[in-house]
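Data file: my_file.cif. Format and content: mmCIF, C-alpha atoms, pLDDT in the B column; chains and numbers go by the auth columns.
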```
data_run
#
loop_
_atom_site.group_PDB
_atom_site.id
_atom_site.type_symbol
_atom_site.label_atom_id
_atom_site.label_comp_id
_atom_site.label_asym_id
_atom_site.label_seq_id
_atom_site.Cartn_x
_atom_site.Cartn_y
_atom_site.Cartn_z
_atom_site.B_iso_or_equiv
_atom_site.auth_seq_id
_atom_site.auth_asym_id
ATOM 1 C CA MET A 1 -5.482 20.829 4.651 82.00 1 U
ATOM 2 C CA SER A 2 -3.265 18.752 2.398 91.00 2 U
ATOM 3 C CA ALA A 3 0.428 17.934 2.246 94.00 3 U
ATOM 4 C CA TRP A 4 2.845 16.271 -0.124 93.00 4 U
ATOM 5 C CA TYR A 5 3.069 12.483 0.335 93.00 5 U
ATOM 6 C CA GLU A 6 6.098 10.757 -1.126 95.00 6 U
ATOM 7 C CA LEU A 7 5.917 6.963 -0.938 94.00 7 U
ATOM 8 C CA SER A 8 7.713 3.939 -2.372 96.00 8 U
ATOM 9 C CA GLY A 9 7.948 0.190 -2.055 97.00 9 U
ATOM 10 C CA THR A 10 7.781 -3.143 -3.830 97.00 10 U
ATOM 11 C CA ALA A 11 5.895 -6.302 -2.894 97.00 11 U
ATOM 12 C CA ARG A 12 5.346 -9.784 -4.319 96.00 12 U
ATOM 13 C CA LEU A 13 1.684 -10.789 -4.178 96.00 13 U
ATOM 14 C CA ARG A 14 -0.430 -13.806 -4.965 95.00 14 U
ATOM 15 C CA ARG A 15 -2.382 -13.072 -8.153 95.00 15 U
ATOM 16 C CA CYS A 16 -6.117 -13.189 -7.459 95.00 16 U
ATOM 17 C CA PRO A 17 -9.212 -11.098 -8.236 95.00 17 U
ATOM 18 C CA GLU A 18 -9.245 -9.598 -4.723 96.00 18 U
ATOM 19 C CA ALA A 19 -5.657 -8.322 -5.000 95.00 19 U
ATOM 20 C CA GLU A 20 -6.392 -6.992 -8.501 96.00 20 U
ATOM 21 C CA SER A 21 -9.417 -5.141 -7.110 96.00 21 U
ATOM 22 C CA ILE A 22 -7.279 -3.421 -4.451 95.00 22 U
ATOM 23 C CA LEU A 23 -4.692 -2.524 -7.090 94.00 23 U
ATOM 24 C CA GLU A 24 -7.457 -0.969 -9.192 93.00 24 U
ATOM 25 C CA GLU A 25 -8.558 1.123 -6.191 92.00 25 U
ATOM 26 C CA LEU A 26 -4.937 2.225 -5.720 91.00 26 U
ATOM 27 C CA ARG A 27 -4.771 3.248 -9.376 88.00 27 U
ATOM 28 C CA ASP A 28 -7.884 5.394 -8.864 85.00 28 U
ATOM 29 C CA LEU A 29 -6.632 6.987 -5.616 78.00 29 U
ATOM 30 C CA ARG A 30 -2.932 7.352 -6.295 69.00 30 U
ATOM 31 C CA GLY A 31 -2.814 10.869 -7.713 64.00 31 U
ATOM 32 C CA GLU A 32 -1.110 11.896 -10.907 69.00 32 U
ATOM 33 C CA GLU A 33 2.470 11.688 -9.703 83.00 33 U
ATOM 34 C CA PHE A 34 2.504 8.075 -8.448 88.00 34 U
ATOM 35 C CA GLU A 35 3.615 5.158 -10.579 91.00 35 U
ATOM 36 C CA LEU A 36 1.944 1.814 -9.906 92.00 36 U
ATOM 37 C CA VAL A 37 3.385 -1.121 -11.830 93.00 37 U
ATOM 38 C CA ALA A 38 2.108 -4.686 -11.467 94.00 38 U
ATOM 39 C CA ALA A 39 4.220 -7.170 -13.428 96.00 39 U
ATOM 40 C CA ASP A 40 3.750 -10.917 -13.795 95.00 40 U
ATOM 41 C CA ALA A 41 6.362 -12.647 -11.619 94.00 41 U
ATOM 42 C CA GLY A 42 5.438 -16.212 -12.645 90.00 42 U
ATOM 43 C CA ASP A 43 3.949 -19.013 -10.547 92.00 43 U
ATOM 44 C CA GLY A 44 0.668 -17.129 -10.086 93.00 44 U
ATOM 45 C CA SER A 45 2.305 -14.095 -8.495 96.00 45 U
ATOM 46 C CA ILE A 46 2.751 -10.445 -9.369 97.00 46 U
ATOM 47 C CA GLU A 47 5.385 -7.947 -8.333 97.00 47 U
ATOM 48 C CA VAL A 48 3.913 -4.594 -7.434 96.00 48 U
ATOM 49 C CA SER A 49 6.011 -1.448 -7.417 96.00 49 U
ATOM 50 C CA PHE A 50 4.548 1.802 -6.111 93.00 50 U
ATOM 51 C CA ARG A 51 6.500 5.060 -6.010 94.00 51 U
ATOM 52 C CA GLY A 52 6.136 8.770 -6.395 92.00 52 U
ATOM 53 C CA GLY A 53 4.401 11.597 -4.646 92.00 53 U
ATOM 54 C CA SER A 54 1.246 13.680 -4.703 90.00 54 U
ATOM 55 C CA GLU A 55 -0.834 16.069 -2.598 91.00 55 U
ATOM 56 C CA PHE A 56 -3.127 14.304 -0.115 90.00 56 U
ATOM 57 C CA THR A 57 -5.304 15.289 2.803 92.00 57 U
ATOM 58 C CA ASP A 58 -4.765 13.412 6.070 93.00 58 U
ATOM 59 C CA ALA A 59 -7.792 11.234 5.266 93.00 59 U
ATOM 60 C CA GLY A 60 -6.553 10.589 1.727 90.00 60 U
ATOM 61 C CA ALA A 61 -3.099 9.569 2.976 92.00 61 U
ATOM 62 C CA ASP A 62 -4.704 7.238 5.528 93.00 62 U
ATOM 63 C CA GLU A 63 -6.894 5.733 2.796 92.00 63 U
ATOM 64 C CA LEU A 64 -3.843 5.148 0.594 92.00 64 U
ATOM 65 C CA ASP A 65 -2.006 3.494 3.493 94.00 65 U
ATOM 66 C CA GLY A 66 -5.038 1.324 4.236 94.00 66 U
ATOM 67 C CA LEU A 67 -5.292 0.092 0.659 94.00 67 U
ATOM 68 C CA LEU A 68 -1.593 -0.736 0.576 94.00 68 U
ATOM 69 C CA ALA A 69 -1.848 -2.538 3.923 94.00 69 U
ATOM 70 C CA ALA A 70 -4.861 -4.519 2.659 94.00 70 U
ATOM 71 C CA LEU A 71 -2.514 -6.098 0.112 95.00 71 U
ATOM 72 C CA GLY A 72 -0.792 -7.799 3.076 95.00 72 U
ATOM 73 C CA GLN A 73 -3.273 -10.662 3.000 94.00 73 U
ATOM 74 C CA PHE A 74 -1.943 -11.526 -0.476 95.00 74 U
ATOM 75 C CA ALA A 75 1.776 -10.972 0.263 95.00 75 U
ATOM 76 C CA LEU A 76 4.061 -13.888 -0.538 94.00 76 U
ATOM 77 C CA GLU A 77 6.859 -12.382 1.539 93.00 77 U
ATOM 78 C CA PRO A 78 7.133 -9.454 3.939 93.00 78 U
ATOM 79 C CA ALA A 79 7.472 -6.020 2.341 95.00 79 U
ATOM 80 C CA VAL A 80 7.446 -2.425 3.527 96.00 80 U
ATOM 81 C CA PHE A 81 6.245 0.745 1.838 97.00 81 U
ATOM 82 C CA THR A 82 7.847 3.853 3.310 97.00 82 U
ATOM 83 C CA GLY A 83 7.240 7.505 2.768 95.00 83 U
ATOM 84 C CA ILE A 84 7.158 11.032 4.072 96.00 84 U
ATOM 85 C CA TYR A 85 3.877 12.832 4.647 95.00 85 U
ATOM 86 C CA ASP A 86 3.843 16.345 6.037 93.00 86 U
ATOM 87 C CA ASP A 87 7.535 15.957 7.005 93.00 87 U
ATOM 88 C CA GLU A 88 6.836 12.804 9.030 94.00 88 U
ATOM 89 C CA LEU A 89 7.954 9.236 8.294 96.00 89 U
ATOM 90 C CA ARG A 90 5.163 6.800 7.471 96.00 90 U
ATOM 91 C CA VAL A 91 5.646 3.045 7.270 96.00 91 U
ATOM 92 C CA VAL A 92 3.130 0.602 5.771 96.00 92 U
ATOM 93 C CA PRO A 93 4.119 -3.035 6.388 95.00 93 U
ATOM 94 C CA LEU A 94 2.797 -5.832 4.185 92.00 94 U
ATOM 95 C CA ASP A 95 3.096 -9.100 6.003 78.00 95 U
ATOM 96 C CA LEU A 96 0.668 -11.986 5.847 74.00 96 U
ATOM 97 C CA ALA A 97 1.610 -12.898 9.424 67.00 97 U
ATOM 98 C CA ASN A 98 0.286 -9.515 10.605 60.00 98 U
ATOM 99 C CA TRP A 99 -3.029 -9.905 8.818 56.00 99 U
ATOM 100 C CA SER A 100 -5.854 -10.536 11.234 52.00 100 U
ATOM 101 C CA ALA A 101 -9.523 -10.980 10.506 45.00 101 U
ATOM 102 C CA SER A 102 -10.180 -9.644 14.005 39.00 102 U
ATOM 103 C CA SER A 103 -8.560 -6.273 13.212 40.00 103 U
ATOM 104 C CA PRO A 104 -11.033 -3.463 12.554 36.00 104 U
ATOM 105 C CA CYS A 105 -12.163 -3.880 8.939 35.00 105 U
ATOM 106 C CA GLY A 106 -9.496 -6.568 8.613 37.00 106 U
ATOM 107 C CA VAL A 107 -6.717 -3.978 8.350 38.00 107 U
ATOM 108 C CA PRO A 108 -3.679 -4.120 10.639 40.00 108 U
ATOM 109 C CA VAL A 109 -3.036 -1.084 12.784 43.00 109 U
ATOM 110 C CA LEU A 110 -1.020 1.547 10.921 46.00 110 U
ATOM 111 C CA GLY A 111 0.456 4.740 12.176 47.00 111 U
ATOM 112 C CA LEU A 112 3.190 7.226 12.145 44.00 112 U
ATOM 113 C CA VAL A 113 6.637 6.213 13.240 45.00 113 U
ATOM 114 C CA ARG A 114 8.350 8.930 15.214 44.00 114 U
#
```
Please lay out the structure from this file as structure tokens.
Amino acid sequence: MSAWYELSGTARLRRCPEAESILEELRDLRGEEFELVAADAGDGSIEVSFRGGSEFTDAGADELDGLLAALGQFALEPAVFTGIYDDELRVVPLDLANWSASSPCGVPVLGLVR
């Protein structure tokens, strides 16, 4: 089963090959209706803007959230991506302070906010 996922947010990231790799995965996964813009912000950083909506399965929405959250290790300041999936609020925080190598697969715990 799939549902419409509408999501938006902006983050400032350290420019590095690892962050670029995650952004490339997001470009591949994002669906046709999402806009992903990565603009040079100077001083070795990029500003990433992600917004739009598309049909996703539960697993696809979780994968999208996981990729966004993985950008947290490159965040230069806290940021939040928010959206609605299947009529429920979803929040994906990007915060270097929350990044933990001891988290499963290195990804902070994500979930639905009710």
Review point. Got a sec to resolve the PyMOL selection byres ((chain U and resi 52) around 10) on this structure and send the residues as a ChimeraX atom specification?
Key: /U:5-9,30-36,50-51,53-54,83
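Neighbouring residues of Ala75 in chain U at 12 Å or closer, counting only C-alpha atoms and skipping chain neighbours under 2 positions away, are Thr10, Ala11, Arg12, Leu13, Arg14, Arg15, Cys16, Ala19, Ser45, Ile46, Glu47, Val48, Leu68, Ala69, Ala70, Leu71, Gly72, Gln73, Glu77, Pro78, Ala79, Val80, Pro93, Leu94, Asp95, Leu96, Ala97, Asn98 and Trp99 of chain U.
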Review point. Suppose you want the space between CA of Ala61 in chain U and CA of Asp86 in chain U; what is it in Å?
Key: 10.2 Å
Review point. Out of U:Leu67, U:Val92, U:Ala39, U:Ala59, which residue has the shortest atom-to-atom distance to Glu18 in chain U when counting all atoms listed in the file?
Key: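 Checking each candidate against Glu18 in chain U, we get U:Leu67 as the closest.
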Point to revise | For CA of Glu88 in chain U and CA of Trp4 in chain U, the interatomic separation in Å (one decimal) | key: 10.6 Å
Should you be able to, write range 4-15 of chain U of this structure into a file that contains N, CA and C atoms, as a PDB file, in the first residue's frame.
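Saved file selection27.pdb follows:
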```
ATOM      1  N   TRP U   4       0.412   9.323  -0.179  1.00  0.00           N
ATOM      2  CA  TRP U   4       1.064  10.558  -0.575  1.00  0.00           C
ATOM      3  C   TRP U   4       1.943  11.050   0.564  1.00  0.00           C
ATOM      4  N   TYR U   5       3.184  11.424   0.267  1.00  0.00           N
ATOM      5  CA  TYR U   5       4.108  11.955   1.265  1.00  0.00           C
ATOM      6  C   TYR U   5       4.513  13.343   0.819  1.00  0.00           C
ATOM      7  N   GLU U   6       4.111  14.334   1.584  1.00  0.00           N
ATOM      8  CA  GLU U   6       4.493  15.716   1.330  1.00  0.00           C
ATOM      9  C   GLU U   6       5.524  16.095   2.377  1.00  0.00           C
ATOM     10  N   LEU U   7       6.658  16.657   1.940  1.00  0.00           N
ATOM     11  CA  LEU U   7       7.791  16.875   2.828  1.00  0.00           C
ATOM     12  C   LEU U   7       8.530  18.140   2.418  1.00  0.00           C
ATOM     13  N   SER U   8       9.048  18.879   3.408  1.00  0.00           N
ATOM     14  CA  SER U   8       9.858  20.051   3.079  1.00  0.00           C
ATOM     15  C   SER U   8      10.847  20.357   4.193  1.00  0.00           C
ATOM     16  N   GLY U   9      11.904  21.057   3.815  1.00  0.00           N
ATOM     17  CA  GLY U   9      12.895  21.499   4.781  1.00  0.00           C
ATOM     18  C   GLY U   9      14.141  21.998   4.081  1.00  0.00           C
ATOM     19  N   THR U  10      14.956  22.705   4.847  1.00  0.00           N
ATOM     20  CA  THR U  10      16.216  23.251   4.352  1.00  0.00           C
ATOM     21  C   THR U  10      17.289  23.003   5.406  1.00  0.00           C
ATOM     22  N   ALA U  11      18.493  22.688   4.951  1.00  0.00           N
ATOM     23  CA  ALA U  11      19.602  22.446   5.869  1.00  0.00           C
ATOM     24  C   ALA U  11      20.902  22.958   5.260  1.00  0.00           C
ATOM     25  N   ARG U  12      21.800  23.411   6.126  1.00  0.00           N
ATOM     26  CA  ARG U  12      23.153  23.795   5.714  1.00  0.00           C
ATOM     27  C   ARG U  12      24.095  22.667   6.091  1.00  0.00           C
ATOM     28  N   LEU U  13      24.829  22.162   5.095  1.00  0.00           N
ATOM     29  CA  LEU U  13      25.691  20.999   5.297  1.00  0.00           C
ATOM     30  C   LEU U  13      27.131  21.306   4.922  1.00  0.00           C
ATOM     31  N   ARG U  14      28.032  20.572   5.553  1.00  0.00           N
ATOM     32  CA  ARG U  14      29.436  20.605   5.158  1.00  0.00           C
ATOM     33  C   ARG U  14      29.546  19.899   3.811  1.00  0.00           C
ATOM     34  N   ARG U  15      30.225  20.516   2.862  1.00  0.00           N
ATOM     35  CA  ARG U  15      30.408  19.895   1.544  1.00  0.00           C
ATOM     36  C   ARG U  15      31.495  18.832   1.657  1.00  0.00           C
TER      37      ARG U  15
END
```
